[in-house]
file entry-v9.pdb (PDB, C-alpha atoms)
ATOM      1  CA  GLN A  29     -60.474  24.645  -6.277  1.00  0.00           C
ATOM      2  CA  VAL A  30     -58.497  24.975  -3.076  1.00  0.00           C
ATOM      3  CA  GLN A  31     -55.319  26.995  -2.744  1.00  0.00           C
ATOM      4  CA  LEU A  32     -52.854  26.274   0.035  1.00  0.00           C
ATOM      5  CA  VAL A  33     -50.143  28.654   1.179  1.00  0.00           C
ATOM      6  CA  GLU A  34     -47.492  27.544   3.655  1.00  0.00           C
ATOM      7  CA  SER A  35     -45.452  29.849   5.863  1.00  0.00           C
ATOM      8  CA  GLY A  36     -43.221  29.691   8.906  1.00  0.00           C
ATOM      9  CA  GLY A  37     -40.188  27.905   7.544  1.00  0.00           C
ATOM     10  CA  GLY A  38     -36.663  29.072   8.206  1.00  0.00           C
ATOM     11  CA  LEU A  39     -33.270  28.275   9.660  1.00  0.00           C
ATOM     12  CA  VAL A  40     -33.104  26.926  13.196  1.00  0.00           C
ATOM     13  CA  GLN A  41     -30.477  25.221  15.322  1.00  0.00           C
ATOM     14  CA  ALA A  42     -30.827  21.619  16.348  1.00  0.00           C
ATOM     15  CA  GLY A  43     -33.087  21.327  19.374  1.00  0.00           C
ATOM     16  CA  GLY A  44     -35.070  24.388  18.370  1.00  0.00           C
ATOM     17  CA  SER A  45     -38.697  24.763  17.321  1.00  0.00           C
ATOM     18  CA  LEU A  46     -40.682  26.090  14.405  1.00  0.00           C
ATOM     19  CA  ARG A  47     -44.394  26.318  13.686  1.00  0.00           C
ATOM     20  CA  LEU A  48     -45.515  25.978  10.108  1.00  0.00           C
ATOM     21  CA  SER A  49     -48.851  27.347   8.984  1.00  0.00           C
ATOM     22  CA  CYS A  50     -50.930  26.418   5.975  1.00  0.00           C
ATOM     23  CA  ALA A  51     -53.696  28.813   5.002  1.00  0.00           C
ATOM     24  CA  ALA A  52     -56.409  27.409   2.759  1.00  0.00           C
ATOM     25  CA  SER A  53     -58.871  29.154   0.517  1.00  0.00           C
ATOM     26  CA  GLY A  54     -62.440  27.968   0.148  1.00  0.00           C
ATOM     27  CA  ARG A  55     -65.492  27.645   2.340  1.00  0.00           C
ATOM     28  CA  THR A  56     -65.275  23.930   2.927  1.00  0.00           C
ATOM     29  CA  PHE A  57     -61.898  23.760   4.662  1.00  0.00           C
ATOM     30  CA  SER A  58     -63.465  22.279   7.771  1.00  0.00           C
ATOM     31  CA  SER A  59     -64.557  19.230   5.798  1.00  0.00           C
ATOM     32  CA  TYR A  60     -61.106  18.456   4.378  1.00  0.00           C
ATOM     33  CA  ALA A  61     -58.585  16.093   5.827  1.00  0.00           C
ATOM     34  CA  MET A  62     -55.132  17.685   5.794  1.00  0.00           C
ATOM     35  CA  GLY A  63     -51.596  16.424   5.666  1.00  0.00           C
ATOM     36  CA  TRP A  64     -47.998  17.566   5.882  1.00  0.00           C
ATOM     37  CA  PHE A  65     -45.250  16.026   3.787  1.00  0.00           C
ATOM     38  CA  ARG A  66     -41.583  16.849   3.362  1.00  0.00           C
ATOM     39  CA  GLN A  67     -38.981  16.372   0.678  1.00  0.00           C
ATOM     40  CA  ALA A  68     -35.246  16.534   1.188  1.00  0.00           C
ATOM     41  CA  PRO A  69     -32.885  17.085  -1.762  1.00  0.00           C
ATOM     42  CA  GLY A  70     -32.582  13.957  -3.876  1.00  0.00           C
ATOM     43  CA  LYS A  71     -35.230  12.115  -1.887  1.00  0.00           C
ATOM     44  CA  GLU A  72     -38.879  11.270  -2.328  1.00  0.00           C
ATOM     45  CA  ARG A  73     -41.688  13.221  -0.710  1.00  0.00           C
ATOM     46  CA  ASP A  74     -42.363  11.643   2.675  1.00  0.00           C
ATOM     47  CA  PHE A  75     -45.384  11.719   4.935  1.00  0.00           C
ATOM     48  CA  VAL A  76     -45.027  13.718   8.143  1.00  0.00           C
ATOM     49  CA  ALA A  77     -48.456  14.228   9.746  1.00  0.00           C
ATOM     50  CA  TYR A  78     -52.189  13.924   9.108  1.00  0.00           C
ATOM     51  CA  CYS A  79     -55.289  15.510  10.584  1.00  0.00           C
ATOM     52  CA  SER A  80     -58.821  14.478   9.668  1.00  0.00           C
ATOM     53  CA  SER A  81     -61.708  16.931   9.600  1.00  0.00           C
ATOM     54  CA  GLY A  82     -62.567  15.612  13.046  1.00  0.00           C
ATOM     55  CA  SER A  83     -58.999  16.246  14.235  1.00  0.00           C
ATOM     56  CA  SER A  84     -57.847  12.645  14.400  1.00  0.00           C
ATOM     57  CA  THR A  85     -54.092  12.765  13.964  1.00  0.00           C
ATOM     58  CA  TYR A  86     -51.318  10.438  12.845  1.00  0.00           C
ATOM     59  CA  PHE A  87     -47.589  10.949  12.537  1.00  0.00           C
ATOM     60  CA  ALA A  88     -44.611   9.406  10.859  1.00  0.00           C
ATOM     61  CA  ASP A  89     -42.525   7.412  13.308  1.00  0.00           C
ATOM     62  CA  SER A  90     -39.584   9.753  12.752  1.00  0.00           C
ATOM     63  CA  VAL A  91     -41.470  12.736  14.192  1.00  0.00           C
ATOM     64  CA  LYS A  92     -43.697  11.146  16.838  1.00  0.00           C
ATOM     65  CA  GLY A  93     -43.362  12.901  20.152  1.00  0.00           C
ATOM     66  CA  ARG A  94     -41.713  15.931  18.542  1.00  0.00           C
ATOM     67  CA  PHE A  95     -44.283  17.237  16.035  1.00  0.00           C
ATOM     68  CA  THR A  96     -47.952  18.013  16.471  1.00  0.00           C
ATOM     69  CA  ILE A  97     -50.591  18.903  13.902  1.00  0.00           C
ATOM     70  CA  SER A  98     -53.631  21.028  14.618  1.00  0.00           C
ATOM     71  CA  ARG A  99     -56.244  22.982  12.729  1.00  0.00           C
ATOM     72  CA  ASP A 100     -58.240  26.140  13.264  1.00  0.00           C
ATOM     73  CA  ASN A 101     -61.296  25.900  11.045  1.00  0.00           C
ATOM     74  CA  ALA A 102     -62.323  29.470  11.834  1.00  0.00           C
ATOM     75  CA  LYS A 103     -59.054  30.618  10.264  1.00  0.00           C
ATOM     76  CA  ASN A 104     -58.939  27.988   7.499  1.00  0.00           C
ATOM     77  CA  THR A 105     -55.486  27.094   8.743  1.00  0.00           C
ATOM     78  CA  VAL A 106     -53.612  23.932   9.685  1.00  0.00           C
ATOM     79  CA  TYR A 107     -50.447  24.049  11.753  1.00  0.00           C
ATOM     80  CA  LEU A 108     -47.413  21.862  12.195  1.00  0.00           C
ATOM     81  CA  GLN A 109     -45.621  22.494  15.469  1.00  0.00           C
ATOM     82  CA  MET A 110     -42.111  21.094  15.292  1.00  0.00           C
ATOM     83  CA  ASN A 111     -40.085  20.753  18.488  1.00  0.00           C
ATOM     84  CA  ASN A 112     -36.645  19.321  19.207  1.00  0.00           C
ATOM     85  CA  LEU A 113     -35.707  19.687  15.572  1.00  0.00           C
ATOM     86  CA  LYS A 114     -32.887  17.595  14.171  1.00  0.00           C
ATOM     87  CA  PRO A 115     -30.651  18.148  11.117  1.00  0.00           C
ATOM     88  CA  GLU A 116     -32.432  15.239   9.425  1.00  0.00           C
ATOM     89  CA  ASP A 117     -35.661  17.254   9.558  1.00  0.00           C
ATOM     90  CA  THR A 118     -34.193  19.591   6.941  1.00  0.00           C
ATOM     91  CA  ALA A 119     -36.493  19.581   3.914  1.00  0.00           C
ATOM     92  CA  VAL A 120     -39.108  21.474   1.990  1.00  0.00           C
ATOM     93  CA  TYR A 121     -42.377  21.019   3.846  1.00  0.00           C
ATOM     94  CA  TYR A 122     -45.629  20.775   1.904  1.00  0.00           C
ATOM     95  CA  CYS A 123     -49.184  21.129   3.057  1.00  0.00           C
ATOM     96  CA  ALA A 124     -51.816  18.985   1.334  1.00  0.00           C
ATOM     97  CA  ALA A 125     -55.589  18.686   1.376  1.00  0.00           C
ATOM     98  CA  THR A 126     -58.022  16.026   0.312  1.00  0.00           C
ATOM     99  CA  ARG A 127     -61.688  16.494  -0.527  1.00  0.00           C
ATOM    100  CA  TYR A 128     -62.480  13.648   1.846  1.00  0.00           C
ATOM    101  CA  SER A 129     -63.098  14.307   5.508  1.00  0.00           C
ATOM    102  CA  GLN A 130     -60.878  11.410   6.502  1.00  0.00           C
ATOM    103  CA  LEU A 131     -58.530   8.917   4.932  1.00  0.00           C
ATOM    104  CA  SER A 132     -58.010   5.300   5.827  1.00  0.00           C
ATOM    105  CA  SER A 133     -54.951   3.942   7.535  1.00  0.00           C
ATOM    106  CA  ASP A 134     -53.790   2.666   4.145  1.00  0.00           C
ATOM    107  CA  THR A 135     -53.981   6.019   2.421  1.00  0.00           C
ATOM    108  CA  TYR A 136     -53.378   8.961   4.756  1.00  0.00           C
ATOM    109  CA  SER A 137     -49.605   8.639   4.424  1.00  0.00           C
ATOM    110  CA  LYS A 138     -49.605   8.437   0.626  1.00  0.00           C
ATOM    111  CA  ALA A 139     -49.142  11.592  -1.444  1.00  0.00           C
ATOM    112  CA  PRO A 140     -51.523  10.534  -4.275  1.00  0.00           C
ATOM    113  CA  SER A 141     -54.361  10.490  -1.707  1.00  0.00           C
ATOM    114  CA  TYR A 142     -54.313  14.282  -1.611  1.00  0.00           C
ATOM    115  CA  ASP A 143     -55.918  16.562  -4.170  1.00  0.00           C
ATOM    116  CA  TYR A 144     -54.367  19.936  -3.433  1.00  0.00           C
ATOM    117  CA  TRP A 145     -50.828  20.997  -2.570  1.00  0.00           C
ATOM    118  CA  GLY A 146     -49.088  24.127  -1.435  1.00  0.00           C
ATOM    119  CA  GLN A 147     -45.866  25.466  -2.876  1.00  0.00           C
ATOM    120  CA  GLY A 148     -43.764  24.367   0.079  1.00  0.00           C
ATOM    121  CA  THR A 149     -41.686  26.110   2.713  1.00  0.00           C
ATOM    122  CA  GLN A 150     -38.031  25.418   3.449  1.00  0.00           C
ATOM    123  CA  VAL A 151     -36.974  24.212   6.875  1.00  0.00           C
ATOM    124  CA  THR A 152     -33.258  24.024   7.571  1.00  0.00           C
ATOM    125  CA  VAL A 153     -31.911  22.655  10.841  1.00  0.00           C
ATOM    126  CA  SER A 154     -28.251  23.295  11.567  1.00  0.00           C
ATOM    127  CA  SER A 155     -26.178  21.050  13.801  1.00  0.00           C
TER
END
call {"tool": "encode", "arguments": {"input": "entry-v9.pdb", "output": "C-alpha coordinates"}}
result
Amino acid sequence: QVQLVESGGGLVQAGGSLRLSCAASGRTFSSYAMGWFRQAPGKERDFVAYCSSGSSTYFADSVKGRFTISRDNAKNTVYLQMNNLKPEDTAVYYCAATRYSQLSSDTYSKAPSYDYWGQGTQVTVSS
(Lines of atoms letter the chains of each structure in order from A and count residues from 1; the text may use other names and numbers.)
(Lines give C-alpha, C1' and ligand atoms only; values in the text may rest on other atoms or scores of the structure.)
Protein backbone atom coordinates (compact mmCIF):
# COMPACT_ATOMS: atom_id res chain seq x y z
CA GLN A 1 0.00 0.00 0.00
CA VAL A 2 1.24 3.45 -0.91
CA GLN A 3 0.17 6.62 0.83
CA LEU A 4 0.48 9.98 -0.89
CA VAL A 5 0.39 13.32 0.88
CA GLU A 6 0.26 16.56 -1.09
CA SER A 7 1.33 19.96 0.21
CA GLY A 8 2.16 23.41 -1.10
CA GLY A 9 -1.23 24.63 -2.22
CA GLY A 10 -2.53 28.07 -1.39
CA LEU A 11 -3.78 31.40 -2.67
CA VAL A 12 -1.69 33.21 -5.27
CA GLN A 13 -2.25 36.10 -7.65
CA ALA A 14 -2.38 35.57 -11.37
CA GLY A 15 1.12 35.41 -12.80
CA GLY A 16 2.52 33.98 -9.59
CA SER A 17 4.08 30.60 -8.85
CA LEU A 18 3.55 27.69 -6.52
CA ARG A 19 5.35 24.39 -6.04
CA LEU A 20 3.31 21.40 -4.99
CA SER A 21 4.93 18.44 -3.30
CA CYS A 22 3.71 14.88 -3.02
CA ALA A 23 5.41 12.69 -0.44
CA ALA A 24 4.99 8.95 -0.88
CA SER A 25 5.37 6.14 1.58
CA GLY A 26 6.91 2.83 0.62
CA ARG A 27 10.28 1.57 -0.52
CA THR A 28 9.45 1.21 -4.18
CA PHE A 29 8.62 4.83 -4.99
CA SER A 30 11.40 4.99 -7.55
CA SER A 31 9.69 2.31 -9.62
CA TYR A 32 6.31 4.07 -9.79
CA ALA A 33 5.13 6.34 -12.52
CA MET A 34 3.48 9.43 -11.03
CA GLY A 35 0.85 11.87 -12.14
CA TRP A 36 -0.83 15.11 -11.16
CA PHE A 37 -4.51 15.76 -11.78
CA ARG A 38 -6.80 18.62 -10.85
CA GLN A 39 -10.50 19.06 -10.26
CA ALA A 40 -12.35 22.35 -10.30
CA PRO A 41 -15.78 22.69 -8.66
CA GLY A 42 -18.46 21.01 -10.75
CA LYS A 43 -15.95 19.61 -13.21
CA GLU A 44 -14.31 16.27 -13.83
CA ARG A 45 -10.82 15.40 -12.65
CA ASP A 46 -8.41 16.41 -15.40
CA PHE A 47 -4.89 15.30 -16.20
CA VAL A 48 -2.15 17.86 -15.57
CA ALA A 49 1.26 16.16 -15.72
CA TYR A 50 2.98 12.76 -15.76
CA CYS A 51 6.43 11.50 -14.87
CA SER A 52 7.59 7.95 -15.48
CA SER A 53 10.05 6.18 -13.19
CA GLY A 54 12.69 7.14 -15.72
CA SER A 55 11.59 10.78 -15.59
CA SER A 56 9.91 10.96 -18.98
CA THR A 57 7.34 13.72 -18.69
CA TYR A 58 4.13 14.76 -20.41
CA PHE A 59 1.79 17.66 -19.81
CA ALA A 60 -1.72 18.72 -20.59
CA ASP A 61 -1.80 21.29 -23.37
CA SER A 62 -3.29 23.85 -20.99
CA VAL A 63 -0.18 23.86 -18.78
CA LYS A 64 2.63 23.21 -21.27
CA GLY A 65 5.39 25.75 -20.91
CA ARG A 66 4.13 26.85 -17.49
CA PHE A 67 4.25 23.70 -15.33
CA THR A 68 7.04 21.22 -14.79
CA ILE A 69 7.03 17.88 -12.99
CA SER A 70 10.05 16.36 -11.30
CA ARG A 71 10.85 13.68 -8.78
CA ASP A 72 13.42 13.12 -6.07
CA ASN A 73 13.58 9.39 -5.45
CA ALA A 74 15.87 9.85 -2.45
CA LYS A 75 13.07 11.82 -0.79
CA ASN A 76 10.18 9.75 -2.16
CA THR A 77 8.72 12.98 -3.46
CA VAL A 78 7.31 14.27 -6.73
CA TYR A 79 6.93 17.97 -7.41
CA LEU A 80 4.74 20.12 -9.59
CA GLN A 81 6.24 23.54 -10.26
CA MET A 82 3.55 25.90 -11.48
CA ASN A 83 4.56 29.23 -13.01
CA ASN A 84 2.56 32.03 -14.60
CA LEU A 85 -0.57 30.81 -12.87
CA LYS A 86 -3.95 31.78 -14.27
CA PRO A 87 -7.38 31.96 -12.59
CA GLU A 88 -8.42 28.92 -14.63
CA ASP A 89 -5.74 26.90 -12.83
CA THR A 90 -7.84 27.13 -9.67
CA ALA A 91 -8.67 23.60 -8.52
CA VAL A 92 -7.91 20.88 -6.05
CA TYR A 93 -4.70 19.22 -7.18
CA TYR A 94 -4.22 15.49 -6.67
CA CYS A 95 -1.10 13.40 -6.79
CA ALA A 96 -1.41 9.85 -8.12
CA ALA A 97 0.83 6.81 -8.42
CA THR A 98 0.72 3.67 -10.48
CA ARG A 99 2.48 0.39 -9.73
CA TYR A 100 3.84 0.45 -13.27
CA SER A 101 7.10 2.17 -14.06
CA GLN A 102 5.59 3.82 -17.11
CA LEU A 103 2.26 4.23 -18.81
CA SER A 104 1.50 4.31 -22.50
CA SER A 105 0.47 7.38 -24.40
CA ASP A 106 -3.10 6.10 -24.28
CA THR A 107 -3.23 5.75 -20.52
CA TYR A 108 -1.00 8.22 -18.69
CA SER A 109 -3.63 10.96 -18.86
CA LYS A 110 -6.48 8.77 -17.60
CA ALA A 111 -7.32 8.70 -13.89
CA PRO A 112 -8.27 4.97 -13.79
CA SER A 113 -4.67 4.16 -14.82
CA TYR A 114 -3.48 5.12 -11.35
CA ASP A 115 -3.68 2.94 -8.27
CA TYR A 116 -3.06 5.36 -5.43
CA TRP A 117 -4.26 8.90 -4.77
CA GLY A 118 -3.54 11.64 -2.30
CA GLN A 119 -6.15 13.70 -0.51
CA GLY A 120 -5.60 16.77 -2.65
CA THR A 121 -4.40 20.31 -2.04
CA GLN A 122 -6.30 23.46 -2.95
CA VAL A 123 -4.80 25.95 -5.37
CA THR A 124 -6.61 29.25 -5.81
CA VAL A 125 -5.44 31.84 -8.32
CA SER A 126 -6.95 35.30 -8.00
CA SER A 127 -7.25 37.69 -10.92
call {"tool": "resolve_selection", "arguments": {"input": "entry-v9.pdb", "expression": "the PyMOL selection byres ((chain A and resi 84) around 10)", "output": "MDAnalysis selection string"}}
result
chainID A and resid 61 78:83 85:86 97:98 130
call {"tool": "closest_atom_pairs", "arguments": {"input": "entry-v9.pdb", "of": "range 99-125 of chain A", "to": "range 131-148 of chain A", "cutoff": "7 Å", "atoms": "all atoms listed in the file", "output": "CSV"}}
result
residue,atom,partner,partner_atom,distance
A:Val120,CA,A:Gly148,CA,5.8
A:Tyr121,CA,A:Gly148,CA,5.2
A:Tyr122,CA,A:Gly148,CA,4.4
A:Cys123,CA,A:Gly146,CA,5.4
A:Ala124,CA,A:Trp145,CA,4.5
A:Ala125,CA,A:Tyr144,CA,5.1
call {"tool": "closest_residue", "arguments": {"input": "entry-v9.pdb", "among": "A:Val106, A:Tyr128, A:Gly70, A:Ala119", "to": "Ala51 in chain A", "atoms": "only C-alpha atoms"}}
result
A:Val106
call {"tool": "closest_residue", "arguments": {"input": "entry-v9.pdb", "among": "A:Thr118, A:Gln67, A:Ser154, A:Ser45", "to": "Phe95 in chain A", "atoms": "all atoms listed in the file"}}
result
A:Ser45
call {"tool": "residues_near_point", "arguments": {"input": "entry-v9.pdb", "point": "(-38.2, 28.7, 6.0)", "cutoff": "6 Å", "atoms": "all atoms listed in the file", "output": "PDB file with C-alpha atoms, keeping the file's coordinate frame"}}
result
ATOM      1  CA  GLY A  36     -43.221  29.691   8.906  1.00  0.00           C
ATOM      2  CA  GLY A  37     -40.188  27.905   7.544  1.00  0.00           C
ATOM      3  CA  GLY A  38     -36.663  29.072   8.206  1.00  0.00           C
ATOM      4  CA  THR A 149     -41.686  26.110   2.713  1.00  0.00           C
ATOM      5  CA  GLN A 150     -38.031  25.418   3.449  1.00  0.00           C
ATOM      6  CA  VAL A 151     -36.974  24.212   6.875  1.00  0.00           C
TER       7      VAL A 151
END
call {"tool": "axis_aligned_box", "arguments": {"input": "entry-v9.pdb", "around": "range 109-114 of chain A", "padding_each_side": "3 Å", "output": "lines of an AutoDock Vina configuration file"}}
result
center_x = -39.3
center_y = 20.0
center_z = 16.7
size_x = 18.7
size_y = 10.9
size_z = 11.0
call {"tool": "build_atoms", "arguments": {"input": "entry-v9.pdb", "residues": "range 124-152 of chain A", "atoms": "N, CA and C atoms", "output": "mmCIF file, keeping the file's coordinate frame"}}
result
data_model
loop_
_atom_site.group_PDB
_atom_site.id
_atom_site.type_symbol
_atom_site.label_atom_id
_atom_site.label_comp_id
_atom_site.auth_asym_id
_atom_site.auth_seq_id
_atom_site.Cartn_x
_atom_site.Cartn_y
_atom_site.Cartn_z
ATOM 1 N N ALA A 124 -50.956 19.631 2.317
ATOM 2 C CA ALA A 124 -51.816 18.985 1.334
ATOM 3 C C ALA A 124 -53.220 18.827 1.889
ATOM 4 N N ALA A 125 -54.189 18.838 0.988
ATOM 5 C CA ALA A 125 -55.589 18.686 1.376
ATOM 6 C C ALA A 125 -56.273 17.661 0.475
ATOM 7 N N THR A 126 -57.190 16.944 1.070
ATOM 8 C CA THR A 126 -58.022 16.026 0.312
ATOM 9 C C THR A 126 -59.479 16.429 0.445
ATOM 10 N N ARG A 127 -60.272 16.149 -0.565
ATOM 11 C CA ARG A 127 -61.688 16.494 -0.527
ATOM 12 C C ARG A 127 -62.447 15.615 0.456
ATOM 13 N N TYR A 128 -61.833 14.533 0.888
ATOM 14 C CA TYR A 128 -62.480 13.648 1.846
ATOM 15 C C TYR A 128 -62.253 14.150 3.272
ATOM 16 N N SER A 129 -63.199 13.859 4.126
ATOM 17 C CA SER A 129 -63.098 14.307 5.508
ATOM 18 C C SER A 129 -62.102 13.468 6.317
ATOM 19 N N GLN A 130 -61.874 12.248 5.836
ATOM 20 C CA GLN A 130 -60.878 11.410 6.502
ATOM 21 C C GLN A 130 -60.357 10.385 5.500
ATOM 22 N N LEU A 131 -59.159 9.930 5.756
ATOM 23 C CA LEU A 131 -58.530 8.917 4.932
ATOM 24 C C LEU A 131 -58.294 7.673 5.774
ATOM 25 N N SER A 132 -58.222 6.553 5.115
ATOM 26 C CA SER A 132 -58.010 5.300 5.827
ATOM 27 C C SER A 132 -56.549 5.162 6.234
ATOM 28 N N SER A 133 -56.314 4.178 7.070
ATOM 29 C CA SER A 133 -54.951 3.942 7.535
ATOM 30 C C SER A 133 -54.028 3.534 6.393
ATOM 31 N N ASP A 134 -54.602 3.056 5.296
ATOM 32 C CA ASP A 134 -53.790 2.666 4.145
ATOM 33 C C ASP A 134 -53.433 3.832 3.237
ATOM 34 N N THR A 135 -54.122 4.945 3.405
ATOM 35 C CA THR A 135 -53.981 6.019 2.421
ATOM 36 C C THR A 135 -53.527 7.364 2.983
ATOM 37 N N TYR A 136 -53.657 7.600 4.273
ATOM 38 C CA TYR A 136 -53.378 8.961 4.756
ATOM 39 C C TYR A 136 -51.914 9.333 4.612
ATOM 40 N N SER A 137 -51.034 8.352 4.531
ATOM 41 C CA SER A 137 -49.605 8.639 4.424
ATOM 42 C C SER A 137 -49.110 8.668 2.975
ATOM 43 N N LYS A 138 -49.995 8.515 2.036
ATOM 44 C CA LYS A 138 -49.605 8.437 0.626
ATOM 45 C C LYS A 138 -49.950 9.728 -0.110
ATOM 46 N N ALA A 139 -48.957 10.310 -0.768
ATOM 47 C CA ALA A 139 -49.142 11.592 -1.444
ATOM 48 C C ALA A 139 -50.270 11.575 -2.482
ATOM 49 N N PRO A 140 -50.432 10.520 -3.272
ATOM 50 C CA PRO A 140 -51.523 10.534 -4.275
ATOM 51 C C PRO A 140 -52.926 10.608 -3.670
ATOM 52 N N SER A 141 -53.046 10.408 -2.360
ATOM 53 C CA SER A 141 -54.361 10.490 -1.707
ATOM 54 C C SER A 141 -54.859 11.921 -1.582
ATOM 55 N N TYR A 142 -53.983 12.872 -1.804
ATOM 56 C CA TYR A 142 -54.313 14.282 -1.611
ATOM 57 C C TYR A 142 -54.548 14.976 -2.943
ATOM 58 N N ASP A 143 -55.496 15.907 -2.934
ATOM 59 C CA ASP A 143 -55.918 16.562 -4.170
ATOM 60 C C ASP A 143 -55.263 17.921 -4.396
ATOM 61 N N TYR A 144 -54.883 18.568 -3.329
ATOM 62 C CA TYR A 144 -54.367 19.936 -3.433
ATOM 63 C C TYR A 144 -53.071 20.037 -2.641
ATOM 64 N N TRP A 145 -52.145 20.838 -3.178
ATOM 65 C CA TRP A 145 -50.828 20.997 -2.570
ATOM 66 C C TRP A 145 -50.427 22.455 -2.534
ATOM 67 N N GLY A 146 -49.692 22.819 -1.490
ATOM 68 C CA GLY A 146 -49.088 24.127 -1.435
ATOM 69 C C GLY A 146 -47.763 24.136 -2.160
ATOM 70 N N GLN A 147 -47.121 25.296 -2.135
ATOM 71 C CA GLN A 147 -45.866 25.466 -2.876
ATOM 72 C C GLN A 147 -44.653 25.029 -2.068
ATOM 73 N N GLY A 148 -44.847 24.819 -0.782
ATOM 74 C CA GLY A 148 -43.764 24.367 0.079
ATOM 75 C C GLY A 148 -43.060 25.497 0.798
ATOM 76 N N THR A 149 -42.488 25.160 1.948
ATOM 77 C CA THR A 149 -41.686 26.110 2.713
ATOM 78 C C THR A 149 -40.448 25.379 3.217
ATOM 79 N N GLN A 150 -39.304 26.046 3.110
ATOM 80 C CA GLN A 150 -38.031 25.418 3.449
ATOM 81 C C GLN A 150 -37.793 25.451 4.954
ATOM 82 N N VAL A 151 -37.415 24.312 5.483
ATOM 83 C CA VAL A 151 -36.974 24.212 6.875
ATOM 84 C C VAL A 151 -35.553 23.678 6.869
ATOM 85 N N THR A 152 -34.656 24.430 7.498
ATOM 86 C CA THR A 152 -33.258 24.024 7.571
ATOM 87 C C THR A 152 -32.843 23.983 9.038
#
